[in-house]
Structures are given as structure tokens and as C-alpha cells.
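J.: Take a look at structure_23.txt, compact mmCIF, C-alpha atoms:
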```txt
# COMPACT_ATOMS: atom_id res chain seq x y z
CA MET A 280 -2.33 14.62 9.28
CA ASN A 281 -5.14 14.86 6.77
CA VAL A 282 -5.30 11.29 5.49
CA HIS A 283 -8.04 12.20 3.00
CA SER A 284 -5.98 14.83 1.21
CA SER A 285 -4.31 13.69 -2.01
CA LYS A 286 -2.28 16.88 -2.43
CA HIS A 287 0.90 15.21 -1.25
CA LYS A 288 0.56 11.57 -2.25
CA CYS A 289 3.28 8.91 -2.35
CA THR A 290 3.45 7.39 -5.82
CA GLU A 291 4.91 4.16 -4.39
CA CYS A 292 2.33 3.18 -1.76
CA GLY A 293 -0.48 5.73 -2.12
CA LYS A 294 -0.14 7.25 1.36
CA CYS A 295 -1.14 10.92 1.65
CA PHE A 296 0.54 13.64 3.70
CA SER A 297 -0.36 17.11 4.87
CA SER A 298 2.91 18.69 3.78
CA LYS A 299 5.51 18.28 1.07
CA TYR A 300 8.20 17.85 3.73
CA ASP A 301 6.38 14.88 5.31
CA LEU A 302 6.03 13.30 1.88
CA THR A 303 9.74 13.87 1.14
CA VAL A 304 10.76 12.18 4.40
CA HIS A 305 8.37 9.30 3.75
CA THR A 306 9.68 8.63 0.22
CA ARG A 307 13.13 8.02 1.70
CA SER A 308 11.72 4.83 3.27
CA HIS A 309 11.25 3.55 -0.29
CA SER A 310 14.48 4.85 -1.80
CA GLY A 311 16.73 4.17 1.19
CA GLU A 312 18.14 7.70 0.97
CA ARG A 313 19.85 8.99 4.14
CA PRO A 314 21.13 12.49 3.34
CA PHE A 315 22.24 13.47 6.86
CA GLU A 316 25.63 12.08 7.96
CA CYS A 317 27.24 12.13 11.39
CA THR A 318 30.68 13.75 11.14
CA VAL A 319 31.95 11.63 14.02
CA CYS A 320 31.00 8.06 13.08
CA SER A 321 29.66 8.46 9.50
CA LYS A 322 26.30 6.98 10.42
CA ARG A 323 23.55 8.34 8.16
CA PHE A 324 19.97 9.42 8.93
CA VAL A 325 16.71 10.12 7.15
CA THR A 326 16.03 13.46 8.87
CA SER A 327 18.18 16.21 10.35
CA SER A 328 16.34 15.87 13.69
CA ASN A 329 17.36 12.21 13.94
CA LEU A 330 20.96 13.27 13.29
CA VAL A 331 20.77 15.91 16.03
CA VAL A 332 19.50 13.36 18.55
CA HIS A 333 22.21 10.88 17.53
CA SER A 334 24.96 13.53 17.73
CA ARG A 335 24.27 13.98 21.43
CA THR A 336 25.56 10.46 22.06
CA HIS A 337 29.02 11.64 21.04
CA ILE A 338 29.18 14.56 23.47
CA GLY A 339 32.04 14.06 25.91
CA GLU A 340 33.21 10.93 24.15
CA LYS A 341 36.82 10.00 23.82
CA GLN A 342 37.36 9.57 20.10
CA TYR A 343 39.77 7.28 18.30
CA LYS A 344 40.19 8.16 14.63
CA CYS A 345 41.39 5.89 11.83
CA HIS A 346 44.19 7.60 9.88
CA LYS A 347 43.31 5.57 6.77
CA CYS A 348 39.62 6.43 6.31
CA ASP A 349 38.93 8.98 9.10
CA LYS A 350 36.29 6.77 10.73
CA VAL A 351 35.98 7.49 14.47
CA PHE A 352 35.48 4.99 17.32
CA ARG A 353 34.57 5.32 20.99
CA GLN A 354 37.09 2.73 22.18
CA SER A 355 40.68 2.07 21.18
CA GLY A 356 39.93 -1.65 20.91
CA ASN A 357 37.30 -1.00 18.27
CA LEU A 358 39.80 1.06 16.30
CA SER A 359 42.36 -1.76 16.52
CA THR A 360 39.80 -4.24 15.16
CA HIS A 361 38.82 -1.81 12.40
CA MET A 362 42.46 -1.32 11.32
CA ARG A 363 42.59 -5.00 10.35
CA LEU A 364 40.30 -4.13 7.44
CA HIS A 365 43.11 -1.98 6.08
CA THR A 366 46.04 -4.22 6.99
CA GLY A 367 44.37 -7.55 6.16
CA ASP A 368 45.53 -8.95 9.50
CA LYS A 369 43.56 -12.02 10.67
CA PRO A 370 45.05 -13.12 14.00
CA TYR A 371 42.41 -15.68 14.98
CA LYS A 372 43.04 -19.14 13.50
CA CYS A 373 40.59 -22.04 13.38
CA SER A 374 42.25 -25.16 14.78
CA LEU A 375 40.08 -27.42 12.63
CA CYS A 376 40.55 -26.03 9.12
CA ASP A 377 43.36 -23.43 9.45
CA LYS A 378 41.15 -20.56 8.29
CA HIS A 379 41.98 -17.17 9.79
CA PHE A 380 39.59 -14.48 11.04
CA ARG A 381 39.71 -10.79 11.80
CA THR A 382 37.81 -11.05 15.10
CA TYR A 383 37.36 -13.70 17.79
CA GLY A 384 33.59 -13.40 17.40
CA ASN A 385 33.81 -14.35 13.72
CA LEU A 386 36.02 -17.32 14.62
CA GLN A 387 33.43 -18.52 17.14
CA SER A 388 30.63 -18.10 14.61
CA HIS A 389 32.62 -20.07 12.03
CA GLN A 390 33.30 -22.94 14.42
CA THR A 391 29.69 -23.06 15.59
CA HIS A 392 28.11 -23.08 12.14
CA ILE A 393 30.72 -25.01 10.16
CA HIS A 394 32.42 -27.45 12.52
CA SER A 395 29.94 -28.00 15.32
CA ASN A 396 28.56 -31.55 15.41
CA ARG A 397 26.67 -31.10 18.64
CA ARG A 398 23.26 -32.13 17.30
CA PRO A 399 22.08 -34.83 19.73
CA TYR A 400 18.40 -34.70 18.75
CA TYR A 401 17.55 -37.04 15.88
CA CYS A 402 14.45 -37.04 13.63
CA ARG A 403 13.14 -40.58 13.28
CA TYR A 404 11.47 -39.71 9.96
CA CYS A 405 14.35 -38.31 7.89
CA GLY A 406 17.50 -38.56 10.01
CA LYS A 407 18.01 -34.83 10.35
CA ARG A 408 19.73 -33.77 13.58
CA PHE A 409 19.08 -30.74 15.80
CA LYS A 410 20.82 -28.86 18.59
CA SER A 411 17.75 -28.63 20.82
CA SER A 412 14.65 -30.68 21.56
CA GLN A 413 12.45 -27.68 20.68
CA GLU A 414 13.97 -27.45 17.19
CA LEU A 415 13.34 -31.16 16.70
CA LYS A 416 9.78 -30.86 18.00
CA CYS A 417 8.90 -28.12 15.51
CA HIS A 418 10.60 -30.04 12.68
CA VAL A 419 8.64 -33.24 13.33
CA TYR A 420 5.38 -31.32 12.83
CA ALA A 421 6.33 -31.03 9.13
CA HIS A 422 6.34 -34.84 8.88
CA THR A 423 3.27 -35.56 10.97
CA GLY A 424 1.20 -32.64 9.76
CA ALA A 425 0.43 -31.73 13.37
CA LYS A 426 -0.65 -28.17 14.08
CA PRO A 427 -0.95 -27.99 17.87
CA TYR A 428 -1.47 -24.22 18.15
CA SER A 429 -5.15 -23.55 17.53
CA CYS A 430 -7.06 -20.27 17.24
CA ARG A 431 -9.81 -19.81 19.82
CA HIS A 432 -11.82 -17.69 17.41
CA CYS A 433 -11.88 -19.95 14.35
CA SER A 434 -10.84 -23.41 13.17
CA ASP A 435 -7.37 -22.42 11.95
CA CYS A 436 -4.39 -24.25 13.47
CA PHE A 437 -0.66 -23.63 13.22
CA ARG A 438 2.66 -25.42 13.69
CA HIS A 439 4.40 -22.54 15.45
CA PRO A 440 3.19 -20.10 18.13
CA SER A 441 4.58 -17.17 16.14
CA ARG A 442 2.27 -18.04 13.24
CA LEU A 443 -0.69 -18.17 15.61
CA LYS A 444 0.21 -14.78 17.08
CA ARG A 445 0.35 -13.22 13.62
CA HIS A 446 -2.98 -14.83 12.69
CA LEU A 447 -4.67 -13.42 15.81
CA LEU A 448 -3.41 -9.95 14.99
CA LYS A 449 -4.22 -10.07 11.30
CA SER A 450 -7.54 -11.94 11.29
CA HIS A 451 -9.05 -11.17 14.68
CA ASN A 452 -7.42 -7.90 15.72
CA GLU A 453 -6.26 -9.51 18.97
CA GLY A 454 -3.03 -8.18 20.40
CA THR A 455 -0.90 -5.22 19.45
CA TRP A 456 1.08 -4.73 16.28
CA LEU A 457 4.63 -3.41 16.64
CA THR A 458 4.95 -0.45 14.27
CA CYS A 459 8.06 1.03 12.70
CA HIS A 460 8.17 4.75 13.53
CA ILE A 461 9.90 5.51 10.24
CA CYS A 462 7.72 3.81 7.60
CA ASP A 463 4.73 2.53 9.63
CA LYS A 464 5.34 -1.09 8.64
CA LYS A 465 3.82 -3.48 11.18
CA PHE A 466 5.35 -6.57 12.81
CA SER A 467 4.10 -9.27 15.14
CA GLN A 468 7.52 -10.11 16.61
CA SER A 469 9.85 -7.68 18.39
CA GLY A 470 12.89 -9.36 16.84
CA SER A 471 11.54 -8.72 13.33
CA LEU A 472 10.97 -5.05 14.13
CA LYS A 473 14.47 -4.73 15.61
CA THR A 474 16.04 -6.15 12.45
CA HIS A 475 13.85 -3.91 10.28
CA LEU A 476 15.01 -0.80 12.17
CA LEU A 477 18.63 -1.81 11.63
CA ARG A 478 17.97 -1.71 7.90
CA HIS A 479 16.57 1.82 8.17
CA GLU A 480 19.60 2.94 10.18
CA GLY A 481 22.05 1.22 7.85
CA VAL A 482 23.49 -0.75 10.79
CA LYS A 483 25.06 -4.03 9.68
CA PRO A 484 26.98 -5.49 12.65
CA TYR A 485 27.73 -8.89 11.11
CA VAL A 486 30.82 -8.65 8.89
CA CYS A 487 32.20 -11.31 6.56
CA ASP A 488 35.88 -12.01 7.24
CA GLU A 489 36.51 -13.00 3.64
CA CYS A 490 35.23 -9.94 1.76
CA SER A 491 34.23 -7.46 4.51
CA LYS A 492 30.61 -7.40 3.30
CA SER A 493 28.27 -6.65 6.21
CA PHE A 494 24.77 -7.85 7.13
CA CYS A 495 21.96 -6.99 9.52
CA THR A 496 21.49 -10.51 10.91
CA ALA A 497 23.65 -13.52 11.74
CA SER A 498 21.51 -15.73 9.49
CA GLU A 499 22.18 -13.46 6.50
CA LEU A 500 25.92 -13.60 7.20
CA LYS A 501 25.80 -17.39 7.55
CA LEU A 502 24.03 -17.73 4.19
CA HIS A 503 26.54 -15.38 2.55
CA GLN A 504 29.55 -17.25 3.98
CA LEU A 505 28.54 -20.35 2.03
CA LYS A 506 29.79 -18.53 -1.08
CA HIS A 507 33.31 -18.66 0.35
CA SER A 508 33.08 -22.27 1.48
CA ASP A 509 33.08 -25.63 -0.30
CA TYR A 510 30.98 -27.14 2.49
CA LYS A 511 27.71 -28.66 1.24
CA GLN A 512 25.38 -29.60 4.06
CA PHE A 513 22.17 -30.61 2.22
CA CYS A 514 21.89 -34.04 0.62
CA CYS A 515 19.35 -35.22 -1.96
CA GLY A 516 17.55 -38.28 -0.59
CA SER A 517 17.20 -39.74 -4.09
CA CYS A 518 20.71 -39.65 -5.55
CA GLY A 519 22.96 -38.64 -2.63
CA LYS A 520 24.26 -35.47 -4.25
CA TYR A 521 25.15 -32.62 -1.85
CA PHE A 522 24.27 -28.92 -2.13
CA LYS A 523 25.12 -25.72 -0.27
CA HIS A 524 21.60 -24.32 -0.05
CA LYS A 525 18.31 -25.84 1.08
CA THR A 526 16.38 -24.16 -1.73
CA THR A 527 18.75 -25.67 -4.30
CA VAL A 528 18.42 -29.22 -3.00
CA VAL A 529 14.63 -28.90 -2.87
CA ARG A 530 14.50 -27.88 -6.55
CA HIS A 531 16.91 -30.67 -7.45
CA PHE A 532 15.02 -33.27 -5.41
CA ASN A 533 11.71 -32.45 -7.10
CA ARG A 534 13.29 -33.25 -10.47
CA CYS A 535 15.49 -36.10 -9.30
CA SER A 536 12.82 -38.03 -7.40
CA VAL A 537 10.49 -38.02 -10.41
CA LYS A 538 13.28 -39.11 -12.74
CA LEU A 539 14.43 -41.98 -10.50
CA GLY A 540 10.96 -42.90 -9.24
CA TYR A 541 11.92 -42.43 -5.58
CA VAL A 542 9.82 -41.04 -2.79
CA ASN A 543 12.16 -39.70 -0.14
CA VAL A 544 13.26 -36.51 1.56
CA PHE A 545 16.43 -34.49 1.52
CA ALA A 546 18.57 -34.54 4.65
CA ARG A 547 21.17 -32.31 6.28
CA ARG A 548 24.74 -33.55 6.62
CA ASP A 549 25.72 -34.25 10.25
```
If you took the structure in this file and wrote it as C-alpha cells, what would it be?
T.:
Amino acid sequence: MNVHSSKHKCTECGKCFSSKYDLTVHTRSHSGERPFECTVCSKRFVTSSNLVVHSRTHIGEKQYKCHKCDKVFRQSGNLSTHMRLHTGDKPYKCSLCDKHFRTYGNLQSHQTHIHSNRRPYYCRYCGKRFKSSQELKCHVYAHTGAKPYSCRHCSDCFRHPSRLKRHLLKSHNEGTWLTCHICDKKFSQSGSLKTHLLRHEGVKPYVCDECSKSFCTASELKLHQLKHSDYKQFCCGSCGKYFKHKTTVVRHFNRCSVKLGYVNVFARRD
């Protein structure tokens, strides 16, 4: 590829390409366009070659087709679960709040994130509780200001090893970036790249039981599910008012603490 040629230049990011086709494919990373659709599972792709490679995974498969929307599944169990989207059936009931769910996995996720009180690790500074000692350890650094992960090349220090790894890559060219083969975006963590690729592929495995909206990560689904719940887990340390989102309580606390003359921190409900 002639990187110095400006004949085929992306107007979004300035990258140059040797052919109009390469530029066309690249621009889809900005627009999200996926013009090539699999006739078996409806998954969409950026290029026809990616579709061809994907299509080979269906060769010899036993196919189970939904008679409502024509979507096809590899296993009859997956079709049965999918049909609940059309029927509204939610056979899995939470024993703690009587909510119903379409899949057992969604029930487990609900019970873990909403009803689980198994947080034995306690912060002596603000009272916040954690499920693991490692989570507590990283949290305490925010109170103490400790940054135990130091760079051997300069004086910079960090609270988390992931931040140090990114610093070494970005500032000292130490290590290897993980690069997306579709848009060339770089990542320091394999998990971040994996999630990024899901977005390119349009794969959203985490589905909301309330509205069927889907997400790439469990954390995105968890944040979305708060819209359907009255549960407010974050408490303002100044006035005791509860909020659904951490960002909301932080904004409120900054105003509230000044108004009341308090110096405190917000806490999470046990």
C-alpha cells in the first residue's frame, strides 16, 4: 500500500489507500455499514470475502429455522430460546423478587448483580464492600493515593497494572500492541480487542429480558438494566439520597457537599 499517495484518502481519519476498493472497505469502519448478509443466520459482514469464509461454517450444519422471522439456528435448543422473543414466554422466575426471565443465564445474571450480598471485603475509609480482596485492594489506592506499579524507564507510577502496560506501550514502545485487522485500531488488552471485534461483527450476545435490546458486554447490559429497575445502589455521603448511577451521584455530591459544608464520599448500598 502506498501510504504517501493521497489519491484515495479517507475524509474521516486521513488514511490513504492504493485503490478505491480499499478506501471503500475502510470507510465502512467509520459508518458501520455491513452490506454482505449471511442467508443462513443473517449475520452481516464488511466484505464479501469475510462472508464467504463465514459461510463455510454452515456447511453440513443441521439447521433449525424460525417460522416467525426465518432466522436459522444450529441447535434446536437455541431455536426454542429464540421463540420466546415472539411468544413473550419467560419461564425462569426469581425467587427473591418474582421477576421472570427468558433464559436461565439472564436469571443468574439478575440474581448476581441485583440480589447478591456476598461482599465480605470492607473498605475502612468509606464503607464500600467488595466481592474479592483484589477489588478492595485496587479501590483503597484511590483513598491512599498509592500507585504501586512503577515504570522502569521514567518516574511515572500507576494504580493498576493495566495502566502501566498501556504506558509502556504508548510512551516507551515496550511490548506489542494488539491491532484490529478491520480498522487498525490498537489495544493493550486482549479483552478490549475482543469486545471491539464484536462491535465490528455486530455480535451482541447479552440480551435484555425486558426489552430484548442486546449488548456486546455484560457491563453494558448491567448498566442498561438499571433503566428497568427501581434499585438505587449509590448513596450520597452528604445527604443520604440514593441514585442508580455512579456518575449521577458524583455530580450530585459535588453540589450537595458544597451546599451543606460536608466533606465526605459517596458509598455503594450493601
J.: Distance CA of Thr318 in chain A-CA of Ile461 in chain A, one decimal place?
T.: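 CA of Ile461 in chain A lies 22.4 Å from CA of Thr318 in chain A.
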J.: Quick check, in Å to one decimal: how far apart do CA of His503 in chain A and CA of Thr527 in chain A lie?
T.: 14.6 Å
J.: Provide an axis-aligned box for all listed atoms of range 347-365 of chain A, padding each side by 5 Å; report its centre and its edge lengths in Å to one decimal, as lines of an AutoDock Vina configuration file.
T.:
```
center_x = 38.9
center_y = 2.0
center_z = 14.1
size_x = 18.7
size_y = 24.0
size_z = 26.1
```
J.: From the set A:Cys487, A:Cys405, A:Cys417, A:Val332, which residue has the shortest atom-to-atom contact distance to Ser441 in chain A, counting only C-alpha atoms?
T.: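 Comparing A:Cys487, A:Cys405, A:Cys417, A:Val332 against Ser441 in chain A, the winner is A:Cys417.
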J.: Could you give me, as JSON lines, a per-residue list for range 306-350 of chain A showing, wherever an atom lies at most 9 Å from an atom of range 354-376 of chain A, the closest pair of atoms and their distance in Å to one decimal, using only C-alpha atoms and sorting by chain then residue number from low to high?
T.:
```
{"residue": "A:Lys341", "atom": "CA", "partner": "A:Gln354", "partner_atom": "CA", "distance": 7.5}
{"residue": "A:Gln342", "atom": "CA", "partner": "A:Gln354", "partner_atom": "CA", "distance": 7.2}
{"residue": "A:Tyr343", "atom": "CA", "partner": "A:Ser355", "partner_atom": "CA", "distance": 6.0}
{"residue": "A:Lys344", "atom": "CA", "partner": "A:Leu358", "partner_atom": "CA", "distance": 7.3}
{"residue": "A:Cys345", "atom": "CA", "partner": "A:Leu358", "partner_atom": "CA", "distance": 6.8}
{"residue": "A:Lys347", "atom": "CA", "partner": "A:His365", "partner_atom": "CA", "distance": 7.6}
{"residue": "A:Lys350", "atom": "CA", "partner": "A:Leu358", "partner_atom": "CA", "distance": 8.7}
```
J.: What does the distance between CA of Arg530 in chain A and CA of Tyr400 in chain A come to in Å, to one decimal place?
T.: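 Taking CA of Arg530 in chain A and CA of Tyr400 in chain A, their separation equals 26.5 Å.
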J.: Got a sec: who's within 12 Å of His451 in chain A, counting only C-alpha atoms, leaving out chain neighbours fewer than 2 positions off, as a PyMOL selection string?
T.: chain A and resi 430-433+435+443-449+453-455
J.: Leaving out Cys436 in chain A and any residue of its chain fewer than 5 positions from it, which residues lie within 9 Å of it when counting all atoms listed in the file, given as a list in words?
T.: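 What passes the distance filter is Ala425, Lys426, Pro427, Tyr428, Ser429, Cys430 and Leu443 of chain A.
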J.: Which residue out of A:Lys294, A:Phe466, A:Asp488, A:Arg398 has the minimum interatomic distance to Leu386 in chain A when all atoms listed in the file are used?
T.: A:Asp488
J.: Which residue out of A:His379, A:Glu480, A:Lys288, A:Gly470 has the minimum interatomic distance to Ser321 in chain A when all atoms listed in the file are used?
T.: A:Glu480
J.: Name the closest residue to Glu291 in chain A among the candidates A:Arg534, A:Lys523, A:His309, A:Lys464; distances are taken between atoms, counting all atoms listed in the file.
T.: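 Residue with the minimum atom-to-atom distance to Glu291 in chain A: A:His309.
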J.: So which residues touch Phe409 in chain A within 8 Å, counting only C-alpha atoms, skipping near sequence neighbours fewer than 3 positions away, as number ranges by chain?
T.: A: 398-401, 412, 414-415
J.: Choose the residue, out of A:His507, A:Leu500, A:Arg442, A:Leu476, that has the smallest atom-to-atom separation from Leu457 in chain A; count only C-alpha atoms.
T.: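 The closest residue to Leu457 in chain A is A:Leu476.
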J.: Restricting the calculation to only C-alpha atoms: of A:Arg381, A:Asn452, A:His479, A:Lys416, which residue gets closest to Phe324 in chain A?
T.: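 Among A:Arg381, A:Asn452, A:His479, A:Lys416, it is A:His479 that comes nearest to Phe324 in chain A.
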J.: Skip Ser308 in chain A itself and residues of its chain fewer than 5 positions away, then list as a ChimeraX atom specification all residues within 10 Å of it, counting all atoms listed in the file.
T.: /A:303,313,325,461-463,479
J.: Enumerate, as a list in words, the protein, DNA and RNA residues whose atoms approach (24.1, -2.6, 11.3) to within 9 Å, taking into account all atoms listed in the file and the coordinate frame of the file.
T.: Thr474, Leu477, Arg478, Glu480, Gly481, Val482, Lys483, Pro484, Tyr485, Ser493, Phe494, Cys495 and Thr496 of chain A
